[in-house]
Amino acid sequence: MARYIWFIPLLLFVVFLSACGDQYDGDFSYEVQDFEFTNQDGEEVSKSDLDGKFWVADFIFTNCTTVCPPMTANMSTLQDQLKEAGLEDEVQLVSFSVDPERDKPETLKAYAEARGGTFENWDLLTGYDFETIKEFSIKSFKSAVEELPDSDQIMHGTSFFIVTPEGNAIKNYDGRDGSNMEKIVKDIQEMI
């Protein structure tokens, strides 16, 4: 018995560490890297500004001819559904441009407004270089971003990610599918 006495403190330590982990039940847990970028109003937004709130993130660009228009329209729909559920103060929406050279703050603002978006709880971010957002997307969301050769188009993921108040991405949904917006609201409601 005495030779196993070391086992009890070790077991207690492991239980303590597991209690310190993310309290939300997700499909994965990716720590979002720190950032400080510029939103559609020319204001700086950092990861620490989002501390304590759930947020939904995606990657878009305004010159996109395929997936970004429906994704942005769906983000606007999600914004409406969050408001209807009384969650507009609890959940922030964050769209990162993968084409920061073209996507200036005013360009992003007009793009979202044209698809029904408002900005009480939605930041569209730019103000960095392409390599920065490429690395950020891969490290924070495990989502590839690549410039396509001989094209002004950029390959990027189409997911909407739920990020916890502690800054961990834990779930993703196909942002092109409008029916997923209700699922996102429901999943966040269950976590709050």
# chains A, B, ... in the order shown; residues from 1 in each chain; ligands from 1

call {"tool": "residues_around", "arguments": {"residues": "Tyr128 (chain A)", "least_positions_apart": "6", "cutoff": "9 Å", "atoms": "only C-alpha atoms", "output": "ChimeraX atom specification"}}
result
/A:37-38,100-101

call {"tool": "write_last_selection", "arguments": {"atoms": "C-alpha atoms", "output": "compact mmCIF listing (two decimals), in the first residue's frame"}}
result
# COMPACT_ATOMS: atom_id res chain seq x y z
CA PHE A 37 -6.70 44.60 -36.48
CA THR A 38 -8.77 47.46 -37.95
CA PRO A 100 -6.37 43.13 -46.92
CA GLU A 101 -4.67 45.00 -49.77

call {"tool": "select_by_dssp", "arguments": {"residues": "chain A", "states": "helix (DSSP H, G or I)", "output": "NGL selection string"}}
result
:A and (2-4 or 7-19 or 47-50 or 68-84 or 105-113 or 130-141 or 180-191)

call {"tool": "residues_around", "arguments": {"residues": "Ile188 (chain A)", "least_positions_apart": "2", "cutoff": "12 Å", "atoms": "only C-alpha atoms", "output": "PyMOL selection string"}}
result
chain A and resi 24-26+53-56+78+81-82+85-88+90-92+161-165+170-171+181-186+190-192

call {"tool": "closest_residue", "arguments": {"among": "A:Leu108, A:Cys68, A:Val98, A:Ala73", "to": "Val145 (chain A)", "atoms": "only C-alpha atoms"}}
result
A:Val98

call {"tool": "select_by_dssp", "arguments": {"residues": "chain A", "states": "strand (DSSP E)", "output": "count of residues only"}}
result
44

call {"tool": "closest_atom_pairs", "arguments": {"of": "region 23-103 of chain A", "to": "region 115-125 of chain A", "cutoff": "8 Å", "atoms": "only C-alpha atoms", "output": "CSV"}}
result
residue,atom,partner,partner_atom,distance
A:Phe37,CA,A:Leu125,CA,6.0
A:Thr38,CA,A:Leu125,CA,5.4
A:Asn39,CA,A:Leu125,CA,4.5
A:Gln40,CA,A:Leu124,CA,5.6
A:Val45,CA,A:Leu125,CA,8.0
A:Pro69,CA,A:Arg115,CA,7.9
A:Thr72,CA,A:Arg115,CA,6.8
A:Ala73,CA,A:Arg115,CA,5.1
A:Met75,CA,A:Gly117,CA,7.8
A:Ser76,CA,A:Gly117,CA,4.8
A:Thr77,CA,A:Gly116,CA,8.0
A:Gln79,CA,A:Gly117,CA,7.5
A:Glu88,CA,A:Asn121,CA,6.6
A:Asp89,CA,A:Asn121,CA,7.3
A:Val91,CA,A:Asn121,CA,7.2
A:Gln92,CA,A:Asn121,CA,4.9
A:Leu93,CA,A:Trp122,CA,4.5
A:Val94,CA,A:Asp123,CA,4.9
A:Ser95,CA,A:Leu124,CA,4.6
A:Phe96,CA,A:Leu125,CA,4.9
A:Ser97,CA,A:Leu125,CA,6.0

call {"tool": "closest_residue", "arguments": {"among": "A:Asp27, A:Asp49, A:Glu131, A:Asp174", "to": "Phe160 (chain A)", "atoms": "only C-alpha atoms"}}
result
A:Asp174

call {"tool": "closest_residue", "arguments": {"among": "A:Gln189, A:Asn168, A:Ser151, A:Ser179", "to": "Gly52 (chain A)", "atoms": "only C-alpha atoms"}}
result
A:Asn168

call {"tool": "decode", "arguments": {"residues": "region 58-128 of chain A", "atoms": "C-alpha atoms", "output": "PDB file, in the first residue's frame"}}
result
ATOM      1  CA  ASP A  58     -15.302  33.632 -40.703  1.00  0.00           C
ATOM      2  CA  PHE A  59     -12.892  34.549 -43.511  1.00  0.00           C
ATOM      3  CA  ILE A  60     -14.055  36.472 -46.579  1.00  0.00           C
ATOM      4  CA  PHE A  61     -12.976  39.043 -49.154  1.00  0.00           C
ATOM      5  CA  THR A  62     -15.064  41.537 -51.107  1.00  0.00           C
ATOM      6  CA  ASN A  63     -13.641  40.703 -54.545  1.00  0.00           C
ATOM      7  CA  CYS A  64     -14.732  37.072 -54.122  1.00  0.00           C
ATOM      8  CA  THR A  65     -16.949  35.841 -56.939  1.00  0.00           C
ATOM      9  CA  THR A  66     -18.106  32.561 -55.405  1.00  0.00           C
ATOM     10  CA  VAL A  67     -18.585  31.740 -51.707  1.00  0.00           C
ATOM     11  CA  CYS A  68     -18.206  35.098 -49.934  1.00  0.00           C
ATOM     12  CA  PRO A  69     -21.454  36.805 -51.017  1.00  0.00           C
ATOM     13  CA  PRO A  70     -23.649  33.985 -49.626  1.00  0.00           C
ATOM     14  CA  MET A  71     -21.439  33.642 -46.542  1.00  0.00           C
ATOM     15  CA  THR A  72     -21.759  37.349 -45.795  1.00  0.00           C
ATOM     16  CA  ALA A  73     -25.514  37.267 -46.373  1.00  0.00           C
ATOM     17  CA  ASN A  74     -25.695  34.287 -43.992  1.00  0.00           C
ATOM     18  CA  MET A  75     -23.680  36.183 -41.380  1.00  0.00           C
ATOM     19  CA  SER A  76     -26.243  38.980 -41.671  1.00  0.00           C
ATOM     20  CA  THR A  77     -29.033  36.418 -41.208  1.00  0.00           C
ATOM     21  CA  LEU A  78     -27.193  35.036 -38.189  1.00  0.00           C
ATOM     22  CA  GLN A  79     -26.998  38.561 -36.790  1.00  0.00           C
ATOM     23  CA  ASP A  80     -30.789  38.904 -37.147  1.00  0.00           C
ATOM     24  CA  GLN A  81     -31.397  35.517 -35.524  1.00  0.00           C
ATOM     25  CA  LEU A  82     -29.105  36.342 -32.595  1.00  0.00           C
ATOM     26  CA  LYS A  83     -31.075  39.560 -32.075  1.00  0.00           C
ATOM     27  CA  GLU A  84     -34.394  37.673 -32.173  1.00  0.00           C
ATOM     28  CA  ALA A  85     -32.989  35.260 -29.549  1.00  0.00           C
ATOM     29  CA  GLY A  86     -31.905  38.172 -27.328  1.00  0.00           C
ATOM     30  CA  LEU A  87     -28.224  37.304 -27.798  1.00  0.00           C
ATOM     31  CA  GLU A  88     -27.002  40.382 -29.680  1.00  0.00           C
ATOM     32  CA  ASP A  89     -25.152  41.630 -26.576  1.00  0.00           C
ATOM     33  CA  GLU A  90     -23.749  38.161 -25.785  1.00  0.00           C
ATOM     34  CA  VAL A  91     -22.308  37.222 -29.194  1.00  0.00           C
ATOM     35  CA  GLN A  92     -19.943  39.167 -31.451  1.00  0.00           C
ATOM     36  CA  LEU A  93     -19.532  38.439 -35.165  1.00  0.00           C
ATOM     37  CA  VAL A  94     -16.046  38.777 -36.660  1.00  0.00           C
ATOM     38  CA  SER A  95     -15.186  38.540 -40.358  1.00  0.00           C
ATOM     39  CA  PHE A  96     -11.496  38.558 -41.281  1.00  0.00           C
ATOM     40  CA  SER A  97     -10.589  39.742 -44.780  1.00  0.00           C
ATOM     41  CA  VAL A  98      -8.141  37.480 -46.609  1.00  0.00           C
ATOM     42  CA  ASP A  99      -7.505  40.267 -49.148  1.00  0.00           C
ATOM     43  CA  PRO A 100      -6.367  43.133 -46.924  1.00  0.00           C
ATOM     44  CA  GLU A 101      -4.668  45.000 -49.774  1.00  0.00           C
ATOM     45  CA  ARG A 102      -8.023  45.604 -51.511  1.00  0.00           C
ATOM     46  CA  ASP A 103     -10.365  45.399 -48.513  1.00  0.00           C
ATOM     47  CA  LYS A 104     -10.107  48.778 -46.844  1.00  0.00           C
ATOM     48  CA  PRO A 105     -12.455  49.533 -43.908  1.00  0.00           C
ATOM     49  CA  GLU A 106     -14.951  51.443 -46.050  1.00  0.00           C
ATOM     50  CA  THR A 107     -14.997  48.631 -48.639  1.00  0.00           C
ATOM     51  CA  LEU A 108     -15.835  46.041 -45.986  1.00  0.00           C
ATOM     52  CA  LYS A 109     -18.512  48.274 -44.476  1.00  0.00           C
ATOM     53  CA  ALA A 110     -20.267  48.784 -47.817  1.00  0.00           C
ATOM     54  CA  TYR A 111     -19.995  45.056 -48.582  1.00  0.00           C
ATOM     55  CA  ALA A 112     -21.720  44.015 -45.351  1.00  0.00           C
ATOM     56  CA  GLU A 113     -24.345  46.774 -45.557  1.00  0.00           C
ATOM     57  CA  ALA A 114     -25.266  45.668 -49.087  1.00  0.00           C
ATOM     58  CA  ARG A 115     -26.062  42.219 -47.630  1.00  0.00           C
ATOM     59  CA  GLY A 116     -28.156  43.502 -44.723  1.00  0.00           C
ATOM     60  CA  GLY A 117     -25.464  43.708 -42.052  1.00  0.00           C
ATOM     61  CA  THR A 118     -25.265  46.245 -39.238  1.00  0.00           C
ATOM     62  CA  PHE A 119     -22.360  46.889 -36.907  1.00  0.00           C
ATOM     63  CA  GLU A 120     -23.584  46.812 -33.310  1.00  0.00           C
ATOM     64  CA  ASN A 121     -22.034  43.355 -32.894  1.00  0.00           C
ATOM     65  CA  TRP A 122     -20.204  42.719 -36.179  1.00  0.00           C
ATOM     66  CA  ASP A 123     -16.609  43.655 -36.920  1.00  0.00           C
ATOM     67  CA  LEU A 124     -15.138  43.161 -40.383  1.00  0.00           C
ATOM     68  CA  LEU A 125     -11.371  43.247 -39.991  1.00  0.00           C
ATOM     69  CA  THR A 126      -8.438  44.294 -42.156  1.00  0.00           C
ATOM     70  CA  GLY A 127      -5.257  46.357 -41.691  1.00  0.00           C
ATOM     71  CA  TYR A 128      -2.593  43.640 -41.922  1.00  0.00           C
TER      72      TYR A 128
END
